[in-house]
Every structure is written in C-alpha cells, then in structure tokens.
$ cat input.tsv   # TSV, C-alpha atoms and all ligand atoms
chain	number	residue	atom	x	y	z
A	19	MET	CA	0.00	0.00	0.00
A	20	ILE	CA	2.89	2.35	0.78
A	21	ARG	CA	6.40	2.00	-0.50
A	22	ALA	CA	8.95	4.76	-0.02
A	23	ARG	CA	12.61	4.73	-0.85
A	24	GLY	CA	15.12	7.34	0.27
A	25	LEU	CA	12.54	10.05	0.98
A	26	VAL	CA	14.22	13.34	1.83
A	27	GLN	CA	12.82	16.72	2.77
A	28	THR	CA	15.11	19.68	3.31
A	29	PHE	CA	13.59	23.05	4.13
A	30	GLN	CA	15.34	26.36	3.58
A	31	THR	CA	14.64	28.86	6.32
A	32	GLY	CA	15.62	32.45	7.09
A	33	ARG	CA	17.20	34.98	4.79
A	34	GLY	CA	20.72	36.24	4.06
A	35	LYS	CA	23.17	35.28	6.78
A	36	GLN	CA	20.33	33.72	8.77
A	37	ARG	CA	19.70	31.26	5.95
A	38	LYS	CA	19.67	27.68	7.16
A	39	GLU	CA	18.76	24.24	5.95
A	40	VAL	CA	16.46	22.12	8.07
A	41	HIS	CA	16.93	18.43	7.33
A	42	ALA	CA	13.46	17.36	8.37
A	43	VAL	CA	13.51	13.91	6.72
A	44	ARG	CA	16.80	12.26	5.81
A	45	GLY	CA	16.28	9.22	3.59
A	46	VAL	CA	13.24	7.34	4.81
A	47	ASP	CA	12.36	3.85	3.50
A	48	LEU	CA	8.89	2.55	4.34
A	49	ASP	CA	6.79	-0.46	3.39
A	50	VAL	CA	3.21	-0.75	4.58
A	51	ALA	CA	1.13	-3.77	3.56
A	52	GLU	CA	-2.59	-3.81	2.84
A	53	GLY	CA	-4.70	-4.04	6.02
A	54	GLU	CA	-1.86	-3.06	8.33
A	55	VAL	CA	-2.22	-0.45	11.08
A	56	VAL	CA	1.16	1.24	11.37
A	57	GLY	CA	2.01	3.66	14.17
A	58	PHE	CA	4.59	6.24	13.15
A	59	LEU	CA	6.15	7.26	16.42
A	60	GLY	CA	8.69	9.91	17.31
A	61	PRO	CA	9.25	13.01	19.43
A	62	ASN	CA	8.17	16.51	18.40
A	63	GLY	CA	10.04	17.63	15.33
A	64	ALA	CA	11.24	14.11	14.40
A	65	GLY	CA	9.82	14.37	10.88
A	66	LYS	CA	6.48	12.54	11.18
A	67	THR	CA	4.20	15.19	9.68
A	68	THR	CA	6.71	16.05	6.97
A	69	THR	CA	6.87	12.39	5.91
A	70	LEU	CA	3.07	12.20	5.96
A	71	ARG	CA	2.76	15.35	3.87
A	72	MET	CA	5.08	13.88	1.25
A	73	LEU	CA	3.13	10.61	1.17
A	74	THR	CA	-0.18	12.46	0.82
A	75	THR	CA	1.25	14.62	-2.02
A	76	LEU	CA	0.97	17.88	-0.05
A	77	LEU	CA	4.73	18.37	-0.18
A	78	LYS	CA	7.10	17.45	-2.99
A	79	PRO	CA	10.01	15.31	-1.77
A	80	THR	CA	13.44	16.97	-2.07
A	81	ALA	CA	14.70	13.51	-3.08
A	82	GLY	CA	13.55	9.91	-3.11
A	83	THR	CA	10.48	8.13	-4.43
A	84	ALA	CA	7.21	6.84	-3.04
A	85	THR	CA	4.17	4.99	-4.29
A	86	VAL	CA	0.93	5.15	-2.33
A	87	ALA	CA	-1.97	2.83	-3.21
A	88	GLY	CA	0.02	1.92	-6.32
A	89	PHE	CA	0.45	5.51	-7.58
A	90	ASP	CA	3.58	7.62	-7.68
A	91	VAL	CA	3.35	10.62	-5.33
A	92	ALA	CA	5.32	12.85	-7.67
A	93	THR	CA	3.70	12.06	-11.01
A	94	GLN	CA	0.26	10.68	-10.10
A	95	SER	CA	-0.77	12.93	-7.26
A	96	VAL	CA	-4.45	13.14	-8.28
A	97	ASP	CA	-4.75	9.34	-8.24
A	98	VAL	CA	-3.03	9.19	-4.86
A	99	ARG	CA	-5.41	11.78	-3.41
A	100	ARG	CA	-8.46	9.95	-4.74
A	101	SER	CA	-7.32	6.72	-3.13
A	102	ILE	CA	-6.59	7.95	0.38
A	103	GLY	CA	-8.26	9.60	3.34
A	104	TYR	CA	-6.23	12.17	5.25
A	105	CYS	CA	-6.90	13.68	8.64
A	106	SER	CA	-4.36	16.42	9.30
A	107	GLN	CA	-3.18	17.50	12.73
A	108	VAL	CA	-5.41	20.56	12.70
A	109	GLY	CA	-8.39	18.96	10.94
A	110	SER	CA	-10.12	20.37	7.92
A	111	THR	CA	-13.55	21.44	9.08
A	112	PHE	CA	-14.80	25.00	8.61
A	113	SER	CA	-16.24	25.94	11.95
A	114	GLY	CA	-19.08	28.08	10.57
A	115	ALA	CA	-20.88	25.40	8.54
A	116	TYR	CA	-23.13	22.56	9.69
A	117	ALA	CA	-21.15	19.39	10.35
A	118	GLY	CA	-23.39	17.27	8.11
A	119	ASP	CA	-23.09	19.72	5.19
A	120	GLU	CA	-19.31	19.72	5.51
A	121	VAL	CA	-19.12	15.96	5.28
A	122	VAL	CA	-21.55	15.81	2.33
A	123	ASP	CA	-19.69	18.56	0.42
A	124	HIS	CA	-16.44	16.73	1.02
A	125	GLY	CA	-17.92	13.52	-0.39
A	126	MET	CA	-19.24	15.38	-3.45
A	127	LEU	CA	-15.74	16.79	-4.03
A	128	TYR	CA	-14.69	13.18	-4.44
A	129	GLY	CA	-17.38	12.69	-7.08
A	130	MET	CA	-20.09	11.12	-4.90
A	131	SER	CA	-23.73	11.95	-5.61
A	132	ARG	CA	-25.47	14.03	-2.93
A	133	ALA	CA	-27.72	11.09	-2.00
A	134	ASP	CA	-24.75	8.72	-1.60
A	135	ALA	CA	-22.77	11.30	0.39
A	136	VAL	CA	-25.73	11.90	2.74
A	137	ALA	CA	-26.27	8.16	3.25
A	138	LYS	CA	-22.57	7.48	3.86
A	139	GLY	CA	-22.26	10.59	6.05
A	140	GLN	CA	-25.16	9.48	8.24
A	141	GLU	CA	-23.70	6.01	8.56
A	142	LEU	CA	-20.36	7.53	9.64
A	143	PHE	CA	-22.06	9.86	12.14
A	144	ASP	CA	-23.72	6.81	13.71
A	145	ARG	CA	-20.54	4.77	13.71
A	146	LEU	CA	-18.37	7.57	15.13
A	147	GLN	CA	-20.90	8.48	17.84
A	148	LEU	CA	-21.83	11.80	16.30
A	149	GLU	CA	-25.58	11.07	16.32
A	150	GLY	CA	-27.65	14.21	16.67
A	151	LEU	CA	-24.78	16.51	15.60
A	152	TRP	CA	-25.55	16.70	11.87
A	153	ARG	CA	-26.84	20.27	12.22
A	154	ARG	CA	-24.24	21.43	14.74
A	155	MET	CA	-21.36	23.73	13.78
A	156	PRO	CA	-17.87	22.38	14.53
A	157	ARG	CA	-17.12	25.47	16.66
A	158	ASN	CA	-19.84	24.34	19.03
A	159	MET	CA	-18.50	20.81	19.37
A	160	SER	CA	-16.18	19.33	22.00
A	161	GLY	CA	-12.58	18.48	21.04
A	162	GLY	CA	-13.40	14.78	20.84
A	163	GLN	CA	-16.49	15.38	18.68
A	164	LYS	CA	-14.50	17.64	16.33
A	165	ARG	CA	-11.76	15.04	15.99
A	166	ARG	CA	-14.33	12.34	15.17
A	167	LEU	CA	-15.85	14.71	12.61
A	168	ASP	CA	-12.38	15.18	11.03
A	169	ILE	CA	-12.16	11.41	10.77
A	170	ALA	CA	-15.64	11.19	9.22
A	171	MET	CA	-14.48	13.70	6.58
A	172	ALA	CA	-11.43	11.56	5.86
A	173	LEU	CA	-13.59	8.43	5.47
A	174	ILE	CA	-16.55	9.76	3.47
A	175	HIS	CA	-15.32	8.40	0.13
A	176	SER	CA	-14.50	4.96	1.63
A	177	PRO	CA	-10.74	5.08	1.09
A	178	SER	CA	-8.85	1.84	1.59
A	179	LEU	CA	-5.84	3.73	2.98
A	180	VAL	CA	-6.19	6.32	5.73
A	181	PHE	CA	-3.53	8.71	7.05
A	182	LEU	CA	-4.19	10.12	10.50
A	183	ASP	CA	-1.82	12.79	11.85
A	184	GLU	CA	-1.89	12.71	15.65
A	185	PRO	CA	-5.57	11.81	15.77
A	186	THR	CA	-5.94	12.03	19.56
A	187	THR	CA	-3.67	14.95	20.51
A	188	GLY	CA	-5.45	17.26	22.92
A	189	LEU	CA	-8.21	14.81	23.83
A	190	ASP	CA	-8.97	13.69	27.36
A	191	PRO	CA	-8.12	10.05	28.22
A	192	GLN	CA	-11.71	8.85	27.82
A	193	ALA	CA	-12.09	10.47	24.38
A	194	ARG	CA	-8.72	9.05	23.28
A	195	ILE	CA	-9.65	5.49	24.20
A	196	ASN	CA	-13.00	5.97	22.48
A	197	LEU	CA	-11.26	7.13	19.30
A	198	TRP	CA	-8.82	4.21	19.47
A	199	GLN	CA	-11.82	1.87	19.24
A	200	HIS	CA	-13.01	3.64	16.11
A	201	ILE	CA	-9.56	3.46	14.54
A	202	GLY	CA	-9.31	-0.26	15.36
A	203	ASP	CA	-12.71	-0.68	13.72
A	204	LEU	CA	-11.44	0.79	10.46
A	205	ARG	CA	-9.23	-2.19	9.97
A	206	ASP	CA	-11.41	-4.82	11.59
A	207	ARG	CA	-14.68	-3.87	9.88
A	208	GLN	CA	-13.49	-2.25	6.67
A	209	GLY	CA	-10.14	-3.89	6.10
A	210	ALA	CA	-8.61	-0.40	5.75
A	211	THR	CA	-4.89	0.23	5.94
A	212	VAL	CA	-4.13	2.89	8.55
A	213	PHE	CA	-0.96	4.93	8.87
A	214	LEU	CA	-1.07	7.13	11.93
A	215	THR	CA	1.46	9.41	13.57
A	216	THR	CA	1.62	9.80	17.30
A	217	HIS	CA	3.95	10.77	20.06
A	218	TYR	CA	1.97	8.81	22.60
A	219	LEU	CA	3.68	5.52	23.33
A	220	ASP	CA	0.54	3.96	24.79
A	221	GLU	CA	-1.38	4.88	21.65
A	222	ALA	CA	1.13	3.19	19.34
A	223	ASP	CA	1.19	0.20	21.67
A	224	ALA	CA	-2.60	-0.14	21.80
A	225	LEU	CA	-3.39	0.44	18.15
A	226	ALA	CA	-0.60	-0.51	15.83
A	227	ASP	CA	0.23	-3.89	14.31
A	228	ARG	CA	3.66	-2.45	13.64
A	229	ILE	CA	5.53	0.51	15.00
A	230	VAL	CA	7.94	2.57	12.96
A	231	ILE	CA	10.08	4.90	15.07
A	232	ILE	CA	11.54	8.04	13.54
A	233	ASP	CA	14.13	10.23	15.25
A	234	ARG	CA	15.77	13.33	13.75
A	235	GLY	CA	14.44	12.50	10.30
A	236	GLU	CA	15.65	8.89	10.22
A	237	ILE	CA	13.87	5.59	10.84
A	238	VAL	CA	15.51	3.94	13.83
A	239	ALA	CA	13.25	0.88	14.23
A	240	SER	CA	10.34	-0.93	12.61
A	241	ASP	CA	8.66	-3.98	14.15
A	242	THR	CA	5.76	-5.11	16.32
A	243	ALA	CA	5.69	-3.51	19.77
A	244	ASP	CA	6.35	-6.92	21.38
A	245	ASN	CA	9.36	-7.67	19.20
A	246	LEU	CA	10.81	-4.21	19.71
A	247	LYS	CA	10.48	-4.53	23.44
A	248	ALA	CA	11.91	-8.05	23.54
A	249	ALA	CA	14.79	-7.42	21.17
A	250	VAL	CA	15.80	-3.93	22.16
A	251	ALA	CA	15.04	-3.52	25.81
A	252	GLY	CA	14.27	-6.82	27.57
A	253	ASP	CA	12.20	-7.20	30.72
A	254	LEU	CA	13.42	-5.61	33.93
A	255	VAL	CA	13.94	-8.21	36.66
A	256	ASP	CA	14.12	-6.74	40.17
A	257	LEU	CA	15.23	-9.09	42.96
A	258	GLU	CA	15.00	-7.97	46.58
A	259	VAL	CA	17.12	-10.02	48.99
A	260	THR	CA	17.17	-9.94	52.78
A	261	THR	CA	20.86	-9.59	53.71
A	262	ASP	CA	24.00	-7.81	52.41
A	263	GLU	CA	25.75	-11.17	51.84
A	264	GLN	CA	22.97	-12.33	49.56
A	265	VAL	CA	23.32	-9.25	47.34
A	266	ALA	CA	26.59	-10.49	45.84
A	267	VAL	CA	25.22	-13.97	45.18
A	268	ALA	CA	22.04	-12.61	43.59
A	269	ARG	CA	24.10	-10.21	41.46
A	270	ASP	CA	26.25	-13.10	40.12
A	271	LYS	CA	23.22	-15.27	39.39
A	272	LEU	CA	21.36	-12.47	37.62
A	273	ALA	CA	24.51	-11.55	35.68
A	274	SER	CA	24.42	-15.02	34.08
A	275	ILE	CA	21.26	-13.99	32.17
A	276	SER	CA	21.59	-10.18	32.08
A	277	ASP	CA	24.29	-7.86	30.75
A	278	ASP	CA	23.49	-4.79	32.83
A	279	VAL	CA	23.03	-5.73	36.45
A	280	GLU	CA	22.75	-2.86	38.94
A	281	VAL	CA	22.60	-2.97	42.73
A	282	THR	CA	20.78	-0.49	44.95
A	283	GLY	CA	20.67	-1.47	48.64
A	284	HIS	CA	19.10	-4.92	48.78
A	285	HIS	CA	17.69	-4.62	45.24
A	286	VAL	CA	19.50	-6.32	42.35
A	287	ARG	CA	18.12	-5.35	38.94
A	288	GLY	CA	18.91	-6.23	35.35
A	289	ARG	CA	17.28	-6.41	31.94
A	290	VAL	CA	16.60	-9.91	30.67
A	291	PRO	CA	15.30	-10.70	27.18
A	292	ARG	CA	12.04	-12.71	27.44
A	293	ALA	CA	12.27	-13.01	31.22
A	294	GLY	CA	9.23	-15.32	31.36
A	295	LYS	CA	11.47	-18.14	30.11
A	296	ALA	CA	14.62	-17.31	32.06
A	297	VAL	CA	13.24	-16.47	35.49
A	298	PRO	CA	12.17	-20.00	36.64
A	299	GLY	CA	15.77	-21.22	36.19
A	300	LEU	CA	17.08	-18.14	38.01
A	301	LEU	CA	14.76	-18.84	40.95
A	302	ARG	CA	15.98	-22.44	41.14
A	303	ASP	CA	19.62	-21.24	41.12
A	304	LEU	CA	18.92	-18.74	43.87
A	305	GLU	CA	17.20	-21.35	45.99
A	306	ALA	CA	20.11	-23.76	45.51
A	307	ALA	CA	22.45	-20.98	46.69
A	308	SER	CA	20.21	-20.43	49.76
A	309	VAL	CA	19.23	-16.91	48.74
A	310	ALA	CA	15.91	-15.99	50.33
A	311	LEU	CA	14.06	-13.45	48.23
A	312	GLU	CA	12.04	-10.75	49.94
A	313	SER	CA	10.35	-10.03	46.61
A	314	ILE	CA	10.75	-10.44	42.86
A	315	GLU	CA	9.26	-8.18	40.22
A	316	VAL	CA	9.35	-8.59	36.45
A	317	VAL	CA	8.46	-5.39	34.63
A	318	ARG	CA	7.72	-5.50	30.92
A	319	PRO	CA	9.57	-2.78	29.04
A	320	THR	CA	7.71	0.20	27.63
A	321	LEU	CA	8.22	1.72	24.21
A	322	ASP	CA	10.02	4.52	26.04
A	323	ASP	CA	12.63	1.94	27.11
A	324	VAL	CA	12.91	0.93	23.45
A	325	PHE	CA	13.39	4.55	22.40
A	326	LEU	CA	15.99	5.04	25.14
A	327	THR	CA	17.96	1.98	24.06
A	328	LEU	CA	17.85	3.01	20.40
A	329	THR	CA	18.66	6.69	20.78
A	330	GLY	CA	20.18	7.14	24.24
A	331	ARG	CA	17.36	9.56	25.14
A	332	THR	CA	13.87	9.12	26.51
A	333	LEU	CA	11.04	10.36	24.33
A	334	ARG	CA	10.35	13.07	26.88
A	335	ASP	CA	14.00	14.27	26.86
A	336	ALA	CA	13.95	14.26	23.07
A	337	GLU	CA	10.80	16.40	23.06
A	338	ALA	CA	12.21	18.83	25.61
A	339	ALA	CA	15.40	19.14	23.50
A	340	THR	CA	13.39	19.87	20.37
A	341	GLU	CA	11.28	22.43	22.17
A	342	GLY	CA	14.44	24.04	23.60
A	343	ALA	CA	16.03	24.15	20.15
A	344	ALA	CA	12.89	25.68	18.69
A	345	ALA	CA	12.94	28.34	21.39
A	346	ASP	CA	16.59	29.10	20.50
A	347	GLY	CA	15.64	29.50	16.86
A	348	GLU	CA	17.40	26.31	15.78
A	349	THR	CA	14.33	24.94	14.07
A	350	ALA	CA	11.95	26.92	11.99
A	351	ASP	CA	8.33	27.69	12.56
A	352	PRO	CA	6.69	25.60	9.84
A	353	GLU	CA	3.83	28.04	9.38
A	354	THR	CA	5.79	31.19	8.80
A	355	GLU	CA	9.35	30.61	7.78
A	356	GLY	CA	9.82	27.62	5.63
A	357	ALA	CA	9.51	26.90	1.99
A	358	PRO	CA	10.10	23.48	0.52
A	359	SER	CA	13.33	23.33	-1.42
B	401	LIG	N1	7.75	24.36	6.32
B	401	LIG	C1	8.81	24.18	7.10
B	401	LIG	N2	9.87	25.01	7.05
B	401	LIG	C2	10.95	24.81	7.81
B	401	LIG	N3	11.08	23.81	8.68
B	401	LIG	C3	10.07	22.95	8.80
B	401	LIG	C4	8.88	23.08	8.03
B	401	LIG	N4	8.03	22.07	8.35
B	401	LIG	C5	8.67	21.35	9.31
B	401	LIG	N5	9.88	21.88	9.58
B	401	LIG	C6	10.89	21.38	10.53
B	401	LIG	O1	11.14	20.04	10.18
B	401	LIG	C7	11.33	19.23	11.34
B	401	LIG	C8	10.33	18.10	11.33
B	401	LIG	O2	9.02	18.64	11.54
B	401	LIG	P1	7.70	17.74	11.55
B	401	LIG	O3	6.54	18.65	11.68
B	401	LIG	O4	7.73	16.80	10.41
B	401	LIG	O5	7.91	16.91	12.90
B	401	LIG	P2	6.88	15.98	13.67
B	401	LIG	O6	7.62	14.72	14.00
B	401	LIG	O7	5.62	15.84	12.92
B	401	LIG	O8	6.64	16.82	15.00
B	401	LIG	P3	5.30	17.02	15.87
B	401	LIG	O9	5.14	15.78	16.68
B	401	LIG	O10	5.64	18.19	16.71
B	401	LIG	O11	4.16	17.27	14.94
B	401	LIG	C9	11.19	20.19	12.53
B	401	LIG	O12	12.49	20.63	12.88
B	401	LIG	C10	10.37	21.32	11.96
B	401	LIG	O13	10.63	22.53	12.64
$ encode --input "input.tsv" --output "structure tokens"
Amino acid sequence: MIRARGLVQTFQTGRGKQRKEVHAVRGVDLDVAEGEVVGFLGPNGAGKTTTLRMLTTLLKPTAGTATVAGFDVATQSVDVRRSIGYCSQVGSTFSGAYAGDEVVDHGMLYGMSRADAVAKGQELFDRLQLEGLWRRMPRNMSGGQKRRLDIAMALIHSPSLVFLDEPTTGLDPQARINLWQHIGDLRDRQGATVFLTTHYLDEADALADRIVIIDRGEIVASDTADNLKAAVAGDLVDLEVTTDEQVAVARDKLASISDDVEVTGHHVRGRVPRAGKAVPGLLRDLEAASVALESIEVVRPTLDDVFLTLTGRTLRDAEAATEGAAADGETADPETEGAPS
C-alpha cells in the first residue's frame, strides 16, 4: 500500500546570513502492507508530519520516491489523493458550517452523488458516535467530537488507505480510548490500511500492528511492539534479597542472564530478554544458593525503554530538547518561515 525509498525533505529557512537548511527527513524507507495499522512514532520535530505530507502529495520530496496505493506521489498525485483519506493534525472542518453539510460537500468533491454522500455521512455519524450533531457547527463541538468529525471527513469516500496525523492529541483520556476503538474498527470492519502518527507511546502500543520509530528525520526501528520490546530492551527483573551477603550472590546469578546488572541497597536489577522463560531457572539457582528473596518483580519494558535503548534519550527528553532548540531558533516555525526546497 505504501512504498517509499530514500525520501528526503530539506527546508530552507531564514534569509541572508540567517539562511539555514532544516533536514526534516533524511532518507526514509517505508513499506506498509494492505490491512496493516502502522504507528509512526517519534518526538516533536522528528519528521512525522513532513513524511506524511510527502506521502499524501501535499509536499514534494526533495529527493527519493514513493508509491501510495500503487500511484507515484510525484507524477500521479491526483490518483493518490483519490485513493486515500487524510486527517491532518489541525483537521479540515470549517467551523461556521453545519457538520453534516461539511461531510456531504467533502464527499461530493470526491465525485459522490449528494444522495450517496448523505447516506454514507449518516452512517459515519452513527458509527463515530456523532448522532444528533448533523446540524451542529464544529465550533460548538467538544474536542473529541470535532476530531471524530475530522475522521468522518477523511472516510466519506470509503478510502482503503487512511492517514491520521496525531488523531488524539489534545483529547482527554476517555475520548482518546474511544477514538482508538473507532480506529481499530477501520481495519477490523473495513479492512482499511491505517498509517497514523503519534507521540503517545501507549497509543502506538494499543493500536498498531507495527511501529515505525523516527528520530531526527531517520527511521531507527520498525517492528511489532512486542518484538521491539523483547529485542531492544528486555524485561526488567528486580530481585529484593534480605541480607547484604545475599546481594553479591544474587548479582552473580542475575549476571548469568543479564548484561546490565545494577545494585541499589538490597535490590538487584537487570534487563533480561524474554524473562518469562529465564526467570524460573534463576529462581531455582537462587534457591540452591540459599538466597531468600524478599520479593521479585518482572516489569515488561515500555516503548520509552525501546526509544531510550535506540537513541540514548527518553522520548520526553527528546521532546524537551526539540522544544528548547525551537525556542533558540534552531528549528523553523513551519507556518511562517519555511519553503520546501
Ligand atoms: N515548512 C517548514 N519550514 C521549515 N522547517 C520545517 C517546516 N516544516 C517542518 N519543519 C521542521 O522540520 C522538522 C520536522 O518537523 P515535523 O513537523 O515533520 O515533525 P513531527 O515529527 O511531525 O513533529 P510534531 O510531533 O511536533 O508534529 C522540525 O524541525 C520542523 O521545525
């Protein structure tokens, strides 16, 4: 459904001596199969939206190639646009029109008859829990309702491939989980392929069949959440022993299955790939060495652990760094300064 090779986007910003290049996307390869839900994860400024804008033909790549739904983004942009649904970060509703009219007009832009657009629009309003809001203006809707309306707009022409840019940003936890169910439904009920950007780890974890992580314009990982966690981070095993003497024994035993054992007081901790398999043997060894455990905890890694292992930074640190750089003028304001090169 999506195939990209060496996608690059370099923005020129500033004027004269202030002129700078922003390497937003630096050679991205992507393959997304039909029916897959892919979570495109990365900190603020990593290059998610820029990649999405190139794939949806809103921005011409500086270099590289991509086909989306079988069409070339550079030479067949009209065909690409007809084949996809796109929900941008800011949405596309005009707040002064009735929600139902917006959705119907959007469908007619895609060549649907009014009757078909009304029927499909009403079905989507029911499915996305927008019942009763057909004659409500978006400016009088809650954030969650507006976001679901944006998604209805993206789905009106029944696209088989949907791009969602940070679909749940700004929503309260209840509204986010509610929207996750609708996104899951897209694949389960319609067989749609979904490519969504997010910087919420739990969102990528809950929704995506596969997670692609981008950092500073480059893909740093692509796999299922489980595989990423198992391969990159491992489970954290935390042994609590009762005496100082037992600390050394527990450390040696844990070191036989973990490369990074740390000791704090009576706690001995280390990361162990697929701990579920290794821990029973460890417990037997400890018992044989007469180590009495006060407690044992096995903590599954989070995607933040994966990001930390891959990049040396937590997602939160990476976001703070990007925000700091933006405040120092290192990165450009996309709305005002940049022009695609
Ligand atoms: N039009 C533009 N002109 C100049 N720089 C831009 C432009 N658009 C984006 N950038 C820069 O490119 C980099 C990548 O931005 P992008 O919006 O793709 O990141 P993102 O991962 O989507 O971030 P966020 O999670 O905040 O939406 C950032 O440094 C951003 O400031």
$ axis_aligned_box --input "input.tsv" --around "stretch 41-47 of chain A" --padding-each-side "8 Å" --output "JSON"
{"center_x": 14.6, "center_y": 11.1, "center_z": 5.9, "size_x": 20.6, "size_y": 30.6, "size_z": 20.9}
$ closest_residue --input "input.tsv" --among "A:Asp47, A:Glu120, A:Asp183, A:Glu141" --to "ligand LIG 401 (chain B)" --atoms "only C-alpha atoms and all ligand atoms"
A:Asp183
$ residues_around --input "input.tsv" --residues "stretch 304-315 of chain A" --least-positions-apart "2" --cutoff "6 Å" --atoms "all atoms listed in the file" --output "number ranges by chain"
A: 255-260, 264, 301-302
$ closest_residue --input "input.tsv" --among "A:Gly294, A:Gly82, A:Gly60, A:Gly161" --to "A:Asp253" --atoms "all atoms listed in the file"
A:Gly294
$ residues_around --input "input.tsv" --residues "A:Thr211" --least-positions-apart "6" --cutoff "10 Å" --atoms "only C-alpha atoms" --output "short mmCIF file (atom, residue, chain, number, x, y, z; two decimals) with C-alpha atoms, in the coordinates of the input"
data_model
loop_
_atom_site.label_atom_id
_atom_site.label_comp_id
_atom_site.auth_asym_id
_atom_site.auth_seq_id
_atom_site.Cartn_x
_atom_site.Cartn_y
_atom_site.Cartn_z
CA MET A 19 0.00 0.00 0.00
CA ILE A 20 2.89 2.35 0.78
CA VAL A 50 3.21 -0.75 4.58
CA ALA A 51 1.13 -3.77 3.56
CA GLU A 52 -2.59 -3.81 2.84
CA GLY A 53 -4.70 -4.04 6.02
CA GLU A 54 -1.86 -3.06 8.33
CA VAL A 55 -2.22 -0.45 11.08
CA VAL A 56 1.16 1.24 11.37
CA ALA A 87 -1.97 2.83 -3.21
CA ILE A 102 -6.59 7.95 0.38
CA PRO A 177 -10.74 5.08 1.09
CA SER A 178 -8.85 1.84 1.59
CA LEU A 179 -5.84 3.73 2.98
CA VAL A 180 -6.19 6.32 5.73
CA PHE A 181 -3.53 8.71 7.05
CA LEU A 204 -11.44 0.79 10.46
CA ARG A 205 -9.23 -2.19 9.97
#
$ closest_residue --input "input.tsv" --among "A:Leu272, A:Gly24, A:Gly57, A:Val279" --to "A:Ala226" --atoms "only C-alpha atoms"
A:Gly57
$ closest_residue --input "input.tsv" --among "A:Ile174, A:Met72, A:Ala193, A:Ala273" --to "ligand LIG 401 (chain B)" --atoms "all atoms listed in the file"
A:Met72
$ atom_distance --input "input.tsv" --atom1 "atom O3 of ligand LIG 401 (chain B)" --atom2 "atom CA of A:Phe29"
11.2 Å
$ atom_distance --input "input.tsv" --atom1 "atom CA of A:Val281" --atom2 "atom CA of A:Ala268"
9.7 Å
$ closest_residue --input "input.tsv" --among "A:Gln147, A:Gln107, A:Ser160, A:Gln140" --to "ligand LIG 401 (chain B)" --atoms "all atoms listed in the file"
A:Gln107
$ closest_residue --input "input.tsv" --among "A:Thr216, A:Thr329, A:Asn158, A:Thr80" --to "ligand LIG 401 (chain B)" --atoms "all atoms listed in the file"
A:Thr216
$ atom_distance --input "input.tsv" --atom1 "atom CA of A:Thr332" --atom2 "atom CA of A:Val265"
29.3 Å
$ residues_around --input "input.tsv" --residues "A:Gly114" --least-positions-apart "2" --cutoff "10 Å" --atoms "only C-alpha atoms" --output "list in words"
Thr111, Phe112, Tyr116, Ala117, Glu120, Arg154, Met155, Pro156, Arg157 and Asn158 of chain A
$ closest_atom_pairs --input "input.tsv" --of "stretch 179-281 of chain A" --to "stretch 39-45 of chain A" --cutoff "9 Å" --atoms "only C-alpha atoms" --output "JSON lines"
{"residue": "A:Arg234", "atom": "CA", "partner": "A:Ala42", "partner_atom": "CA", "distance": 7.1}
{"residue": "A:Gly235", "atom": "CA", "partner": "A:Val43", "partner_atom": "CA", "distance": 4.0}
{"residue": "A:Glu236", "atom": "CA", "partner": "A:Arg44", "partner_atom": "CA", "distance": 5.7}
{"residue": "A:Ile237", "atom": "CA", "partner": "A:Gly45", "partner_atom": "CA", "distance": 8.5}
